[in-house]
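*Asks:* Sharing a structure, written as structure tokens. Questions coming.
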Amino acid sequence: MDFLSYFESKIVSRGRAYYRSGNARITSVDGNVVYGEVEGSDGHVYDVQIDLEKPYNSYCDCPYASGDEDMCKHEVALYYEYLEHKDEYVKSTASSNVKFDSVEEAVESYIKNLNNSQKEEILKTLIIESPEWLREKYLPKYKEDIIDKLK
Ligand SMILES: [Zn+2]
């Protein structure tokens, strides 16, 4: 079901107006949850989070939404802001918006997002810059002539 279909139409049009005035700002995206701040009409900035899969789990700390019962215009504004910037977040999820538990996990994710020529370039640099004993391991049959040239 469409995210906006959970909201009353007057809330959707007010939220859309907020988005158009540049009131919404995304702070981070984690999977289906978008975190951000939306400035209200009185200049107060509200903490907003929207769940794209489960819109009814969306949250805003404005008086109107009080708790997570009501769906407010700030959530709608953040949703429109997300629609505009979606592509940037989908692409950059692995590199900048996800926290990793280990270095290994971060490296795996980094590698997963590289294309083949980027992988080749990195591997090449690593081998060339490796200490000699490691280079010999990767280039056993070229040992004599190539390793000498790399020195
Ligand atoms: Zn709100």
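Here's how to read the names in the structure tokens: chain A, B, ... by the order shown, residue numbers from 1 in each chain, ligand numbers from 1 in the order shown.
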What residues in segment 2-128 of chain A get the DSSP label helix (DSSP H, G or I)? Please answer as a PDB file with C-alpha atoms, in the first residue's frame.
*Replies:*
```pdb
ATOM      1  CA  PHE A   3       2.742   5.379   2.074  1.00  0.00           C
ATOM      2  CA  LEU A   4       0.516   8.417   1.601  1.00  0.00           C
ATOM      3  CA  SER A   5      -2.701   6.421   1.588  1.00  0.00           C
ATOM      4  CA  TYR A   6      -2.345   6.126   5.373  1.00  0.00           C
ATOM      5  CA  SER A   9      -5.779  14.093   2.268  1.00  0.00           C
ATOM      6  CA  LYS A  10      -5.696  17.470   4.042  1.00  0.00           C
ATOM      7  CA  ILE A  11      -2.621  16.258   5.994  1.00  0.00           C
ATOM      8  CA  VAL A  12      -1.000  15.173   2.731  1.00  0.00           C
ATOM      9  CA  SER A  13      -1.500  18.564   1.114  1.00  0.00           C
ATOM     10  CA  ARG A  14      -0.187  20.438   4.185  1.00  0.00           C
ATOM     11  CA  GLY A  15       2.840  18.162   4.393  1.00  0.00           C
ATOM     12  CA  ARG A  16       3.486  18.598   0.714  1.00  0.00           C
ATOM     13  CA  ALA A  17       3.446  22.389   1.167  1.00  0.00           C
ATOM     14  CA  TYR A  18       6.006  22.055   4.002  1.00  0.00           C
ATOM     15  CA  TYR A  19       8.223  19.985   1.751  1.00  0.00           C
ATOM     16  CA  ARG A  20       7.920  22.564  -1.041  1.00  0.00           C
ATOM     17  CA  PRO A  55       3.688   3.907   7.750  1.00  0.00           C
ATOM     18  CA  TYR A  56       1.664   3.555  10.980  1.00  0.00           C
ATOM     19  CA  ASN A  57       4.974   3.079  12.839  1.00  0.00           C
ATOM     20  CA  LYS A  73       2.050  16.638   8.097  1.00  0.00           C
ATOM     21  CA  HIS A  74       5.699  16.593   9.210  1.00  0.00           C
ATOM     22  CA  GLU A  75       5.863  12.895   8.348  1.00  0.00           C
ATOM     23  CA  VAL A  76       4.386  13.642   4.933  1.00  0.00           C
ATOM     24  CA  ALA A  77       6.919  16.446   4.359  1.00  0.00           C
ATOM     25  CA  LEU A  78       9.795  14.092   5.186  1.00  0.00           C
ATOM     26  CA  TYR A  79       8.342  11.481   2.860  1.00  0.00           C
ATOM     27  CA  TYR A  80       8.318  13.914  -0.086  1.00  0.00           C
ATOM     28  CA  GLU A  81      11.865  14.956   0.760  1.00  0.00           C
ATOM     29  CA  TYR A  82      12.836  11.287   0.731  1.00  0.00           C
ATOM     30  CA  LEU A  83      11.175  10.733  -2.671  1.00  0.00           C
ATOM     31  CA  GLU A  84      13.270  13.546  -4.099  1.00  0.00           C
ATOM     32  CA  HIS A  85      16.564  12.223  -2.707  1.00  0.00           C
ATOM     33  CA  LYS A  86      15.809   8.503  -2.749  1.00  0.00           C
ATOM     34  CA  ASP A  87      18.446   7.589  -5.339  1.00  0.00           C
ATOM     35  CA  GLU A  88      21.280   9.159  -3.372  1.00  0.00           C
ATOM     36  CA  TYR A  89      20.299   7.148  -0.331  1.00  0.00           C
ATOM     37  CA  VAL A  90      19.831   3.870  -2.132  1.00  0.00           C
ATOM     38  CA  LYS A  91      23.324   4.177  -3.601  1.00  0.00           C
ATOM     39  CA  SER A  92      25.109   5.420  -0.531  1.00  0.00           C
ATOM     40  CA  THR A  93      23.484   3.123   2.004  1.00  0.00           C
ATOM     41  CA  ALA A  94      26.410   0.735   2.215  1.00  0.00           C
ATOM     42  CA  SER A  95      29.100   3.352   2.395  1.00  0.00           C
ATOM     43  CA  SER A  96      27.824   6.105   4.629  1.00  0.00           C
ATOM     44  CA  ASN A  97      24.530   5.458   6.336  1.00  0.00           C
ATOM     45  CA  VAL A 103      36.038  -3.790  10.179  1.00  0.00           C
ATOM     46  CA  GLU A 104      35.506  -7.017   8.279  1.00  0.00           C
ATOM     47  CA  GLU A 105      31.824  -6.214   7.762  1.00  0.00           C
ATOM     48  CA  ALA A 106      32.644  -2.701   6.551  1.00  0.00           C
ATOM     49  CA  VAL A 107      35.241  -4.032   4.099  1.00  0.00           C
ATOM     50  CA  GLU A 108      32.846  -6.675   2.765  1.00  0.00           C
ATOM     51  CA  SER A 109      30.185  -4.067   2.151  1.00  0.00           C
ATOM     52  CA  TYR A 110      32.681  -1.742   0.518  1.00  0.00           C
ATOM     53  CA  ILE A 111      33.839  -4.482  -1.862  1.00  0.00           C
ATOM     54  CA  LYS A 112      30.284  -5.495  -2.688  1.00  0.00           C
ATOM     55  CA  ASN A 116      34.927  -4.906 -11.629  1.00  0.00           C
ATOM     56  CA  SER A 117      37.290  -2.279 -12.919  1.00  0.00           C
ATOM     57  CA  GLN A 118      37.376  -0.592  -9.495  1.00  0.00           C
ATOM     58  CA  LYS A 119      38.190  -3.973  -7.954  1.00  0.00           C
ATOM     59  CA  GLU A 120      41.004  -4.562 -10.440  1.00  0.00           C
ATOM     60  CA  GLU A 121      42.432  -1.120  -9.803  1.00  0.00           C
ATOM     61  CA  ILE A 122      42.430  -1.584  -6.040  1.00  0.00           C
ATOM     62  CA  LEU A 123      43.895  -5.068  -6.229  1.00  0.00           C
ATOM     63  CA  LYS A 124      46.614  -3.850  -8.552  1.00  0.00           C
ATOM     64  CA  THR A 125      47.544  -1.024  -6.216  1.00  0.00           C
ATOM     65  CA  LEU A 126      47.543  -3.333  -3.226  1.00  0.00           C
ATOM     66  CA  ILE A 127      49.789  -5.900  -4.880  1.00  0.00           C
ATOM     67  CA  ILE A 128      52.206  -3.312  -6.204  1.00  0.00           C
TER      68      ILE A 128
END
```
*Asks:* What residues have any atom no more than 6 Å from ligand 1 when counting only C-alpha atoms and all ligand atoms, and can you list them as an NGL selection string?
*Replies:* :A and (60-62 or 65 or 72-74)
*Asks:* So the first atom is atom CA of Tyr64 of chain A and the second is atom CA of Leu52 of chain A; what is the distance between them in Å, to one decimal place?
*Replies:*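 That distance, rounded to one decimal, is 20.4 Å.
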*Asks:* Using only C-alpha atoms, which residues sit within 7 Å of segment 37-43 of chain A once same-chain residues fewer than 3 positions away are excluded, as number ranges by chain?
*Replies:* A: 23-26, 46-48, 74, 78
*Asks:* Quick check, in Å to one decimal: how far apart do atom CA of Thr27 of chain A and atom CA of Asp51 of chain A lie?
*Replies:*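 Between atom CA of Thr27 of chain A and atom CA of Asp51 of chain A the gap is 14.2 Å.
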*Asks:* Could you please write out, as a PDB file with C-alpha atoms, in the first residue's frame, every residue of segment 3-117 of chain A that DSSP assigns to strand (DSSP E or B)?
*Replies:*
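Result file follows (selection.pdb):
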```pdb
ATOM      1  CA  ALA A  24      12.143  18.961   5.657  1.00  0.00           C
ATOM      2  CA  ARG A  25      15.664  17.657   6.027  1.00  0.00           C
ATOM      3  CA  ILE A  26      16.803  14.021   6.031  1.00  0.00           C
ATOM      4  CA  THR A  27      19.435  13.140   8.608  1.00  0.00           C
ATOM      5  CA  SER A  28      19.857   9.447   7.822  1.00  0.00           C
ATOM      6  CA  VAL A  29      18.275   6.449   6.209  1.00  0.00           C
ATOM      7  CA  ASP A  30      18.487   2.995   7.705  1.00  0.00           C
ATOM      8  CA  VAL A  33      13.310   3.971   8.117  1.00  0.00           C
ATOM      9  CA  VAL A  34      14.023   7.573   7.201  1.00  0.00           C
ATOM     10  CA  TYR A  35      15.149   9.953   9.969  1.00  0.00           C
ATOM     11  CA  GLY A  36      14.906  13.677   9.669  1.00  0.00           C
ATOM     12  CA  GLU A  37      13.887  17.054  10.983  1.00  0.00           C
ATOM     13  CA  VAL A  38      10.956  19.135   9.849  1.00  0.00           C
ATOM     14  CA  GLU A  39      10.435  22.755  10.743  1.00  0.00           C
ATOM     15  CA  VAL A  45      12.027  21.848  14.544  1.00  0.00           C
ATOM     16  CA  TYR A  46      10.504  18.426  15.105  1.00  0.00           C
ATOM     17  CA  ASP A  47      12.228  15.067  15.140  1.00  0.00           C
ATOM     18  CA  VAL A  48      10.552  12.875  12.576  1.00  0.00           C
ATOM     19  CA  GLN A  49      11.042   9.297  11.525  1.00  0.00           C
ATOM     20  CA  ILE A  50       9.015   7.514   8.900  1.00  0.00           C
ATOM     21  CA  ASP A  51       8.784   3.806   8.228  1.00  0.00           C
ATOM     22  CA  TYR A  59       6.885   9.001  14.543  1.00  0.00           C
ATOM     23  CA  CYS A  60       6.997  12.754  15.097  1.00  0.00           C
TER      24      CYS A  60
END
```
*Asks:* Quick one: pull the distance between atom CA of Ser21 of chain A and atom CA of Ser58 of chain A, Å, one decimal.
*Replies:* 21.7 Å
